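So this one's structure.pdb, PDB, C-alpha atoms:
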MODEL        1
ATOM      1  CA  MET A  12     -99.878 181.427 126.552
ATOM      2  CA  THR A  13    -101.991 182.048 123.552
ATOM      3  CA  THR A  14    -100.863 181.672 119.994
ATOM      4  CA  GLN A  15    -102.249 183.462 117.022
ATOM      5  CA  THR A  16    -102.580 181.710 113.692
ATOM      6  CA  THR A  17    -102.938 183.505 110.427
ATOM      7  CA  SER A  18    -104.558 181.770 107.491
ATOM      8  CA  ALA A  19    -103.394 182.272 103.954
ATOM      9  CA  PRO A  20    -105.518 184.726 102.033
ATOM     10  CA  THR A  21    -108.085 183.183  99.768
ATOM     11  CA  ALA A  22    -108.129 183.619  96.024
ATOM     12  CA  ALA A  23    -110.778 186.305  96.370
ATOM     13  CA  GLU A  24    -108.662 188.218  98.872
ATOM     14  CA  THR A  25    -105.383 187.884  96.950
ATOM     15  CA  PRO A  26    -104.639 191.126  95.134
ATOM     16  CA  LYS A  27    -104.391 190.681  91.391
ATOM     17  CA  LYS A  28    -101.181 191.596  89.653
ATOM     18  CA  VAL A  29    -101.990 194.534  87.430
ATOM     19  CA  ARG A  30     -99.925 195.032  84.316
ATOM     20  CA  ARG A  31     -99.149 198.705  84.189
ATOM     21  CA  ARG A  32     -97.905 200.748  81.306
ATOM     22  CA  PRO A  33     -94.475 202.260  81.965
ATOM     23  CA  GLU A  34     -94.589 205.933  82.844
ATOM     24  CA  GLY A  35     -93.870 208.183  79.914
ATOM     25  CA  SER A  36     -94.578 205.400  77.439
ATOM     26  CA  SER A  37     -97.179 205.871  74.721
ATOM     27  CA  ALA A  38     -97.253 202.187  73.760
ATOM     28  CA  VAL A  39    -100.608 200.457  74.067
ATOM     29  CA  LEU A  40    -100.643 196.819  75.147
ATOM     30  CA  VAL A  41    -103.336 194.909  73.320
ATOM     31  CA  GLY A  42    -104.477 191.324  73.580
ATOM     32  CA  ARG A  43    -104.625 188.672  70.913
ATOM     33  CA  PRO A  44    -107.312 189.523  68.299
ATOM     34  CA  GLY A  45    -110.437 187.380  68.472
ATOM     35  CA  PHE A  46    -111.871 185.191  65.733
ATOM     36  CA  VAL A  47    -114.328 187.911  64.705
ATOM     37  CA  TRP A  48    -111.436 189.958  63.352
ATOM     38  CA  ALA A  49    -110.511 187.159  60.948
ATOM     39  CA  LEU A  50    -114.093 186.305  59.984
ATOM     40  CA  PRO A  51    -114.297 188.475  56.796
ATOM     41  CA  ALA A  52    -111.013 187.080  55.450
ATOM     42  CA  THR A  53    -112.055 183.537  56.440
ATOM     43  CA  LEU A  54    -115.360 183.841  54.566
ATOM     44  CA  PHE A  55    -113.623 185.315  51.527
ATOM     45  CA  PHE A  56    -111.048 182.496  51.509
ATOM     46  CA  ALA A  57    -113.732 179.839  51.959
ATOM     47  CA  LEU A  58    -115.863 181.252  49.143
ATOM     48  CA  PHE A  59    -113.129 181.757  46.552
ATOM     49  CA  ALA A  60    -110.591 179.068  47.513
ATOM     50  CA  ILE A  61    -112.047 176.227  49.574
ATOM     51  CA  ALA A  62    -115.386 175.946  47.744
ATOM     52  CA  PRO A  63    -113.824 175.845  44.214
ATOM     53  CA  LEU A  64    -111.255 173.325  45.445
ATOM     54  CA  ILE A  65    -114.013 171.045  46.711
ATOM     55  CA  MET A  66    -115.856 171.392  43.388
ATOM     56  CA  VAL A  67    -112.669 170.463  41.481
ATOM     57  CA  ALA A  68    -112.156 167.440  43.735
ATOM     58  CA  VAL A  69    -115.703 166.225  43.067
ATOM     59  CA  LEU A  70    -115.421 166.923  39.327
ATOM     60  CA  SER A  71    -112.235 164.821  39.137
ATOM     61  CA  PHE A  72    -114.424 161.742  39.673
ATOM     62  CA  MET A  73    -116.875 162.710  36.933
ATOM     63  CA  SER A  74    -116.990 162.864  33.146
ATOM     64  CA  TRP A  75    -118.051 166.239  31.795
ATOM     65  CA  ASN A  76    -117.447 168.021  28.497
ATOM     66  CA  GLY A  77    -118.749 171.394  29.665
ATOM     67  CA  LEU A  78    -122.310 170.757  28.455
ATOM     68  CA  GLY A  79    -125.096 168.806  30.045
ATOM     69  CA  SER A  80    -124.835 167.080  33.401
ATOM     70  CA  PRO A  81    -121.614 165.521  34.735
ATOM     71  CA  GLN A  82    -121.608 161.717  34.936
ATOM     72  CA  TRP A  83    -119.998 159.836  37.797
ATOM     73  CA  VAL A  84    -117.118 157.649  36.556
ATOM     74  CA  GLY A  85    -115.285 156.945  39.805
ATOM     75  CA  THR A  86    -111.512 156.717  39.485
ATOM     76  CA  ASP A  87    -111.497 156.427  35.688
ATOM     77  CA  ASN A  88    -110.042 159.931  35.239
ATOM     78  CA  TRP A  89    -107.261 159.191  37.711
ATOM     79  CA  SER A  90    -106.409 155.902  36.023
ATOM     80  CA  ARG A  91    -106.173 157.588  32.629
ATOM     81  CA  ILE A  92    -103.878 160.430  33.695
ATOM     82  CA  LEU A  93    -101.594 158.120  35.700
ATOM     83  CA  ASP A  94    -101.199 155.861  32.649
ATOM     84  CA  ASP A  95    -100.707 158.808  30.275
ATOM     85  CA  PRO A  96     -97.014 159.159  29.258
ATOM     86  CA  VAL A  97     -97.533 162.854  28.458
ATOM     87  CA  MET A  98     -98.770 163.403  32.025
ATOM     88  CA  ILE A  99     -95.783 161.578  33.518
ATOM     89  CA  ASN A 100     -93.412 163.597  31.327
ATOM     90  CA  SER A 101     -95.179 166.829  32.296
ATOM     91  CA  ILE A 102     -94.562 166.074  35.980
ATOM     92  CA  TRP A 103     -90.818 165.738  35.412
ATOM     93  CA  LEU A 104     -90.739 168.915  33.321
ATOM     94  CA  THR A 105     -92.632 170.814  36.020
ATOM     95  CA  LEU A 106     -90.214 169.633  38.707
ATOM     96  CA  LEU A 107     -87.255 170.510  36.457
ATOM     97  CA  LEU A 108     -88.450 174.071  35.807
ATOM     98  CA  THR A 109     -89.264 174.527  39.494
ATOM     99  CA  ALA A 110     -85.822 173.300  40.531
ATOM    100  CA  LEU A 111     -84.137 175.572  37.975
ATOM    101  CA  GLY A 112     -86.135 178.534  39.265
ATOM    102  CA  VAL A 113     -85.123 177.894  42.879
ATOM    103  CA  ALA A 114     -81.478 177.207  42.011
ATOM    104  CA  ILE A 115     -81.079 180.328  39.861
ATOM    105  CA  GLN A 116     -83.329 182.870  41.544
ATOM    106  CA  THR A 117     -82.374 182.191  45.171
ATOM    107  CA  PRO A 118     -78.664 183.171  45.053
ATOM    108  CA  LEU A 119     -79.339 185.955  42.573
ATOM    109  CA  SER A 120     -82.118 187.408  44.724
ATOM    110  CA  ILE A 121     -80.031 187.212  47.895
ATOM    111  CA  VAL A 122     -77.079 189.058  46.361
ATOM    112  CA  LEU A 123     -79.243 191.748  44.778
ATOM    113  CA  GLY A 124     -81.415 192.088  47.889
ATOM    114  CA  VAL A 125     -78.426 192.587  50.182
ATOM    115  CA  TRP A 126     -76.943 195.077  47.733
ATOM    116  CA  ALA A 127     -80.230 197.001  47.458
ATOM    117  CA  ALA A 128     -80.398 197.224  51.263
ATOM    118  CA  GLY A 129     -77.112 199.149  51.380
ATOM    119  CA  HIS A 130     -76.345 202.840  50.997
ATOM    120  CA  GLN A 131     -74.540 202.873  47.673
ATOM    121  CA  ARG A 132     -74.684 205.874  45.405
ATOM    122  CA  ASN A 133     -77.626 205.815  42.946
ATOM    123  CA  ARG A 134     -78.889 202.639  44.644
ATOM    124  CA  ALA A 135     -82.499 203.867  44.769
ATOM    125  CA  VAL A 136     -82.583 204.727  41.052
ATOM    126  CA  LEU A 137     -81.007 201.429  39.991
ATOM    127  CA  SER A 138     -83.343 199.458  42.274
ATOM    128  CA  ALA A 139     -86.377 201.218  40.810
ATOM    129  CA  ILE A 140     -85.273 200.350  37.272
ATOM    130  CA  TYR A 141     -84.557 196.761  38.256
ATOM    131  CA  PHE A 142     -88.022 196.334  39.810
ATOM    132  CA  ILE A 143     -89.841 197.309  36.590
ATOM    133  CA  PRO A 144     -90.433 193.656  35.503
ATOM    134  CA  LEU A 145     -92.285 193.154  38.785
ATOM    135  CA  LEU A 146     -94.914 195.663  37.612
ATOM    136  CA  LEU A 147     -95.678 193.752  34.408
ATOM    137  CA  SER A 148     -98.060 190.825  34.087
ATOM    138  CA  SER A 149     -96.831 187.384  33.082
ATOM    139  CA  THR A 150     -98.731 187.713  29.806
ATOM    140  CA  ALA A 151     -97.071 191.015  28.906
ATOM    141  CA  VAL A 152     -93.635 189.657  29.798
ATOM    142  CA  SER A 153     -94.186 186.517  27.708
ATOM    143  CA  VAL A 154     -95.391 188.492  24.679
ATOM    144  CA  LEU A 155     -92.383 190.809  25.001
ATOM    145  CA  TRP A 156     -89.830 187.989  25.081
ATOM    146  CA  ARG A 157     -91.630 186.040  22.368
ATOM    147  CA  ALA A 158     -91.099 189.008  20.070
ATOM    148  CA  LEU A 159     -87.506 189.599  21.182
ATOM    149  CA  LEU A 160     -86.565 185.937  20.679
ATOM    150  CA  ASP A 161     -88.440 185.432  17.422
ATOM    151  CA  PRO A 162     -86.183 183.453  15.042
ATOM    152  CA  ASN A 163     -87.208 185.575  12.032
ATOM    153  CA  PHE A 164     -86.845 189.186  13.188
ATOM    154  CA  GLY A 165     -85.790 188.993  16.849
ATOM    155  CA  ILE A 166     -82.412 189.070  18.567
ATOM    156  CA  PRO A 167     -81.392 185.526  17.434
ATOM    157  CA  ALA A 168     -81.846 186.522  13.777
ATOM    158  CA  ARG A 169     -79.448 189.439  14.269
ATOM    159  CA  ALA A 170     -76.859 187.401  16.196
ATOM    160  CA  SER A 171     -76.657 184.127  14.320
ATOM    161  CA  TRP A 172     -73.021 183.749  15.434
ATOM    162  CA  LEU A 173     -74.345 183.239  18.973
ATOM    163  CA  PHE A 174     -77.735 181.571  18.471
ATOM    164  CA  GLY A 175     -77.020 179.425  15.391
ATOM    165  CA  ASP A 176     -80.194 179.025  13.341
ATOM    166  CA  GLY A 177     -81.947 181.291  15.846
ATOM    167  CA  ASN A 178     -84.848 178.938  16.570
ATOM    168  CA  LEU A 179     -84.590 178.725  20.355
ATOM    169  CA  PHE A 180     -88.076 177.210  20.543
ATOM    170  CA  GLY A 181     -87.278 174.324  18.186
ATOM    171  CA  LYS A 182     -85.279 172.208  20.660
ATOM    172  CA  GLN A 183     -86.244 171.015  24.125
ATOM    173  CA  ALA A 184     -83.050 172.145  25.860
ATOM    174  CA  THR A 185     -83.127 175.701  24.503
ATOM    175  CA  ALA A 186     -86.900 176.012  24.965
ATOM    176  CA  ILE A 187     -86.604 175.014  28.636
ATOM    177  CA  GLY A 188     -83.708 177.450  28.955
ATOM    178  CA  VAL A 189     -85.865 180.264  27.574
ATOM    179  CA  LEU A 190     -88.685 179.448  30.022
ATOM    180  CA  ALA A 191     -86.256 179.438  32.953
ATOM    181  CA  PHE A 192     -84.652 182.706  31.806
ATOM    182  CA  VAL A 193     -87.955 184.551  31.335
ATOM    183  CA  SER A 194     -89.248 183.409  34.743
ATOM    184  CA  THR A 195     -85.993 184.508  36.352
ATOM    185  CA  TRP A 196     -86.122 187.903  34.630
ATOM    186  CA  GLN A 197     -89.671 188.525  35.813
ATOM    187  CA  PHE A 198     -89.777 187.122  39.350
ATOM    188  CA  THR A 199     -86.263 187.715  40.691
ATOM    189  CA  PRO A 200     -87.152 191.347  41.556
ATOM    190  CA  PHE A 201     -90.014 190.112  43.760
ATOM    191  CA  HIS A 202     -87.763 187.827  45.784
ATOM    192  CA  THR A 203     -85.084 190.530  45.817
ATOM    193  CA  LEU A 204     -87.611 192.774  47.536
ATOM    194  CA  ILE A 205     -88.130 190.118  50.233
ATOM    195  CA  TYR A 206     -84.401 189.837  50.894
ATOM    196  CA  GLN A 207     -83.951 193.596  50.791
ATOM    197  CA  GLY A 208     -86.432 194.055  53.638
ATOM    198  CA  ALA A 209     -84.877 191.207  55.619
ATOM    199  CA  ALA A 210     -81.346 192.524  55.140
ATOM    200  CA  ARG A 211     -82.348 195.966  56.385
ATOM    201  CA  ALA A 212     -83.727 194.370  59.558
ATOM    202  CA  VAL A 213     -80.345 192.886  60.526
ATOM    203  CA  PRO A 214     -79.030 194.853  63.563
ATOM    204  CA  ASP A 215     -76.050 197.062  62.725
ATOM    205  CA  VAL A 216     -74.450 196.128  66.036
ATOM    206  CA  LEU A 217     -73.661 192.679  64.621
ATOM    207  CA  TYR A 218     -71.636 194.165  61.790
ATOM    208  CA  GLN A 219     -69.928 196.609  64.138
ATOM    209  CA  ALA A 220     -68.870 193.783  66.432
ATOM    210  CA  ALA A 221     -67.631 191.781  63.441
ATOM    211  CA  GLU A 222     -65.514 194.725  62.247
ATOM    212  CA  ILE A 223     -63.960 195.032  65.694
ATOM    213  CA  ASP A 224     -63.071 191.334  65.550
ATOM    214  CA  GLY A 225     -61.442 191.876  62.160
ATOM    215  CA  ALA A 226     -64.071 190.159  59.975
ATOM    216  CA  GLY A 227     -64.103 191.366  56.384
ATOM    217  CA  ARG A 228     -67.048 192.022  54.130
ATOM    218  CA  TYR A 229     -67.264 188.470  52.801
ATOM    219  CA  ARG A 230     -67.076 186.863  56.252
ATOM    220  CA  GLN A 231     -69.783 189.233  57.465
ATOM    221  CA  PHE A 232     -71.972 188.196  54.570
ATOM    222  CA  PHE A 233     -71.601 184.441  55.117
ATOM    223  CA  HIS A 234     -71.562 184.452  58.929
ATOM    224  CA  ILE A 235     -74.015 187.262  59.741
ATOM    225  CA  THR A 236     -76.195 188.209  56.778
ATOM    226  CA  LEU A 237     -77.007 184.741  55.443
ATOM    227  CA  PRO A 238     -77.972 183.250  58.853
ATOM    228  CA  GLN A 239     -80.186 186.272  59.518
ATOM    229  CA  LEU A 240     -81.924 185.751  56.140
ATOM    230  CA  ARG A 241     -82.795 182.118  56.907
ATOM    231  CA  ASN A 242     -86.525 182.575  57.551
ATOM    232  CA  SER A 243     -86.927 184.924  54.598
ATOM    233  CA  MET A 244     -85.104 182.386  52.438
ATOM    234  CA  ILE A 245     -87.578 179.657  53.414
ATOM    235  CA  THR A 246     -90.544 181.914  52.658
ATOM    236  CA  SER A 247     -89.068 182.882  49.292
ATOM    237  CA  MET A 248     -88.352 179.257  48.367
ATOM    238  CA  ILE A 249     -91.908 178.183  49.193
ATOM    239  CA  LEU A 250     -93.268 180.956  46.971
ATOM    240  CA  MET A 251     -90.891 179.871  44.189
ATOM    241  CA  ILE A 252     -91.999 176.239  44.480
ATOM    242  CA  VAL A 253     -95.700 177.057  44.411
ATOM    243  CA  GLY A 254     -95.178 179.507  41.538
ATOM    244  CA  GLY A 255     -93.121 176.979  39.585
ATOM    245  CA  LEU A 256     -95.731 174.253  39.951
ATOM    246  CA  THR A 257     -98.502 176.566  38.726
ATOM    247  CA  THR A 258     -96.670 178.274  35.834
ATOM    248  CA  PHE A 259     -99.004 178.555  32.861
ATOM    249  CA  GLU A 260     -99.025 181.835  30.902
ATOM    250  CA  THR A 261     -95.324 181.701  30.087
ATOM    251  CA  VAL A 262     -95.593 178.262  28.495
ATOM    252  CA  LEU A 263     -98.851 179.111  26.738
ATOM    253  CA  ILE A 264     -97.437 182.170  24.975
ATOM    254  CA  LEU A 265     -93.773 181.245  24.485
ATOM    255  CA  THR A 266     -93.791 177.559  23.524
ATOM    256  CA  GLN A 267     -97.394 176.272  23.671
ATOM    257  CA  GLY A 268     -95.973 173.064  25.086
ATOM    258  CA  GLY A 269     -93.686 172.509  22.089
ATOM    259  CA  PRO A 270     -91.768 171.382  20.297
ATOM    260  CA  GLY A 271     -94.197 168.488  20.375
ATOM    261  CA  SER A 272     -94.814 167.977  24.085
ATOM    262  CA  ASP A 273     -91.237 168.750  25.185
ATOM    263  CA  THR A 274     -92.289 171.729  27.319
ATOM    264  CA  THR A 275     -95.785 170.567  28.242
ATOM    265  CA  ILE A 276     -95.763 171.077  32.004
ATOM    266  CA  SER A 277     -98.608 169.861  34.218
ATOM    267  CA  ALA A 278    -100.479 173.179  34.414
ATOM    268  CA  TYR A 279    -100.440 173.547  30.635
ATOM    269  CA  TYR A 280    -101.484 169.908  30.180
ATOM    270  CA  MET A 281    -104.413 170.576  32.488
ATOM    271  CA  TYR A 282    -105.420 173.452  30.196
ATOM    272  CA  GLN A 283    -105.138 171.208  27.140
ATOM    273  CA  LYS A 284    -107.286 168.494  28.695
ATOM    274  CA  ALA A 285    -109.970 170.793  30.051
ATOM    275  CA  PHE A 286    -110.272 173.601  27.507
ATOM    276  CA  LYS A 287    -108.992 172.026  24.290
ATOM    277  CA  SER A 288    -110.144 168.433  24.630
ATOM    278  CA  PHE A 289    -113.171 169.395  26.776
ATOM    279  CA  ASP A 290    -112.287 166.658  29.253
ATOM    280  CA  PHE A 291    -112.965 168.597  32.430
ATOM    281  CA  GLY A 292    -112.850 165.490  34.598
ATOM    282  CA  ALA A 293    -109.239 164.693  33.678
ATOM    283  CA  GLY A 294    -108.327 168.382  33.848
ATOM    284  CA  SER A 295    -109.739 168.591  37.366
ATOM    285  CA  ALA A 296    -107.745 165.523  38.397
ATOM    286  CA  ILE A 297    -104.522 167.146  37.130
ATOM    287  CA  ALA A 298    -105.384 170.378  38.950
ATOM    288  CA  LEU A 299    -105.961 168.478  42.185
ATOM    289  CA  CYS A 300    -102.609 166.714  41.743
ATOM    290  CA  LEU A 301    -100.895 170.112  41.474
ATOM    291  CA  VAL A 302    -102.585 171.355  44.652
ATOM    292  CA  VAL A 303    -101.587 168.243  46.582
ATOM    293  CA  ALA A 304     -98.009 168.340  45.243
ATOM    294  CA  ALA A 305     -97.560 172.035  46.110
ATOM    295  CA  THR A 306     -98.955 171.459  49.610
ATOM    296  CA  ILE A 307     -96.778 168.411  50.313
ATOM    297  CA  ILE A 308     -93.568 170.024  49.035
ATOM    298  CA  SER A 309     -94.247 173.212  51.015
ATOM    299  CA  LEU A 310     -94.899 171.221  54.200
ATOM    300  CA  ILE A 311     -91.686 169.250  53.686
ATOM    301  CA  VAL A 312     -89.697 172.474  53.299
ATOM    302  CA  VAL A 313     -91.312 173.913  56.434
ATOM    303  CA  ARG A 314     -90.673 170.784  58.516
ATOM    304  CA  VAL A 315     -87.113 170.191  57.349
ATOM    305  CA  SER A 316     -86.110 173.823  57.824
ATOM    306  CA  GLY A 317     -87.743 174.129  61.255
ATOM    307  CA  TYR A 318     -89.718 177.127  60.039
ATOM    308  CA  ASP A 319     -92.824 175.826  61.841
ATOM    309  CA  LYS A 320     -91.084 176.163  65.221
ATOM    310  CA  MET A 321     -90.600 179.911  64.980
ATOM    311  CA  ARG A 322     -92.103 181.822  67.890
ATOM    312  CA  SER A 323     -92.408 185.540  68.563
ATOM    313  CA  ASP A 324     -92.255 186.986  72.070
ATOM    314  CA  MET A 325     -93.564 190.333  70.806
ATOM    315  CA  GLU A 326     -97.012 189.078  69.842
ATOM    316  CA  GLY A 327     -99.792 191.459  70.850
ATOM    317  CA  VAL A 328     -97.452 194.411  71.391
ATOM    318  CA  SER A 329     -97.708 197.477  69.190
TER     319      SER A 329
ENDMDL
END
Do you think you could lay out the structure here as C-alpha cells?
Amino acid sequence: MTTQTTSAPTAAETPKKVRRRPEGSSAVLVGRPGFVWALPATLFFALFAIAPLIMVAVLSFMSWNGLGSPQWVGTDNWSRILDDPVMINSIWLTLLLTALGVAIQTPLSIVLGVWAAGHQRNRAVLSAIYFIPLLLSSTAVSVLWRALLDPNFGIPARASWLFGDGNLFGKQATAIGVLAFVSTWQFTPFHTLIYQGAARAVPDVLYQAAEIDGAGRYRQFFHITLPQLRNSMITSMILMIVGGLTTFETVLILTQGGPGSDTTISAYYMYQKAFKSFDFGAGSAIALCLVVAATIISLIVVRVSGYDKMRSDMEGVS
C-alpha cells in the first residue's frame, strides 16, 4: 500500500492576502506617509526653532552687550540670576498668573464651548461676536484695556464707588487681577473654539441613551460631555500653560512690571535684562529657563493625564 504525503506550501507558493476595497466604496486606503512628506516642515522648524534655541543656550554661558564679540564666562550668568531676588519673585508671579489663567479660563471655556456647539437661537451670531477678541493682537488688546482702565479718564474714574481711587495699576493685587482679566478676555474664545469642536464630535447616540435612562441635562453634561472632552481639555491646558509662561506684551503695555517689580514676570524680566540692561547673557539664561520649565510642565501634564497613551485605529484611512 502506498501513501502519499503532501508538503506544506512554501512562502513563495503561499498566496498573499490582498486587501481589497469594499465594492461600491469610494474610500482610498493609503499607507503611512514617509519622512519626505515631513521634510519641509522639519527643515523649517529646525531653522527657525532649533537653531535659535541652540544659539540662546550657548549665549547663556557668555557675556555680551550686543556689540563686539561675546566673551565666555561659564556659569556666571546662571549664578547671578539664581541669586537675584527679582528673578525668584518673577518665577512665582509667572506661576501665579499661569495658574490663574488655567483655573479661570478652563471652566469658562468648557461651558461656553458646549453652549456654542448647540442649536440655540441666534447662537451663530452671538458666537461670532464673542470670538472678536480672538482676531485682535495682544498688543491691540493691551492698549485698549490700558485706555479703558486709565485712572484719570477711564472706567475707574467714572465709577469711583466701585474702584475707589481708580488706580488699579498702583497695587500688586489689583494689577495682577487686571493682567488675569485681560488674558481671560482675549484667550478664552480660542479655548472655547477647541471645546466647541470637541463637543460637536460627541455622538448623539450617547445623549439619546441617557435620555431614555432618565438622565437630565446636568447629568448628561457631567457624565457624558466632560469625559468626552478629556483629551481636548489636556490640549487646552498645555496651551494655557505655555502661553502663561511666555506672556510678555500684556505686562509690557499694561503695567511695565510695576508697581516696582510687583508684576515683573520672567518673560518681562528677560526683556529688561537683555534689551534694557544690554545683558544678553543673563537674558538668554532666563529665556532658556522658560523653555525648560514649559517643556517639563507640559510633559508632566501629558504623563499624569495619560494623554501620551492615546492611540488611533483609523490612522492611514481617509
When distances are computed from all atoms listed in the file, which of A:Val315, A:Leu137, A:Leu299, A:Ile92 shows the smallest separation from Ile65 in chain A? A:Leu299
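The residues returned by the PyMOL selection byres ((chain A and resi 217) around 12) for this structure are Ala212, Val213, Pro214, Asp215, Val216, Tyr218, Gln219, Ala220, Ala221, Glu222, Ile223, Asp224, Ala226, Gln231, Phe232, His234, Ile235, Thr236, Pro238 and Gln239 of chain A.
Comparing A:Val152, A:Met248, A:Ala60, A:Ile297 by their smallest distance to Ala285 in chain A, the closest is A:Ile297 (using all atoms listed in the file).
Close contacts of Val302 in chain A, defined as residues with an atom at most 12 Å away when counting all atoms listed in the file, with chain neighbours fewer than 5 positions off set aside, comprise Ala60, Ile61, Leu64, Ile65, Val67, Ala68, Ile252, Val253, Gly254, Leu256, Thr257, Ser277, Ala278, Ser295, Ala296, Ile297, Ile307, Ile308 and Ser309 of chain A.
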Which of these, A:Ala52, A:Ala209, A:Val303, A:Ala110, has the shortest distance to Leu237 in chain A once you count only C-alpha atoms?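 Answer, going by the shortest atom-to-atom distance: A:Ala209.
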Measuring between all atoms listed in the file, which one of A:Ser101, A:Ser316, A:Asn178, A:Asn133 shows the shortest distance to Ser272 in chain A?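 Counting all atoms listed in the file, the residue closest to Ser272 in chain A is A:Ser101.
Taking CA of Leu70 in chain A and CA of Ala298 in chain A as endpoints, the distance between them is 10.6 Å.
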Atom pair CA of Phe192 in chain A / CA of Ile245 in chain A: separation (Å): 22.0 Å
Just say which residues the PyMOL selection byres ((chain A and resi 279) around 8) picks in this file, as a tab-separated table (two decimals) with C-alpha atoms, keeping the file's coordinate frame.
chain	number	residue	atom	x	y	z
A	258	THR	CA	-96.67	178.27	35.83
A	259	PHE	CA	-99.00	178.56	32.86
A	262	VAL	CA	-95.59	178.26	28.50
A	263	LEU	CA	-98.85	179.11	26.74
A	268	GLY	CA	-95.97	173.06	25.09
A	275	THR	CA	-95.78	170.57	28.24
A	276	ILE	CA	-95.76	171.08	32.00
A	277	SER	CA	-98.61	169.86	34.22
A	278	ALA	CA	-100.48	173.18	34.41
A	280	TYR	CA	-101.48	169.91	30.18
A	281	MET	CA	-104.41	170.58	32.49
A	282	TYR	CA	-105.42	173.45	30.20
A	283	GLN	CA	-105.14	171.21	27.14
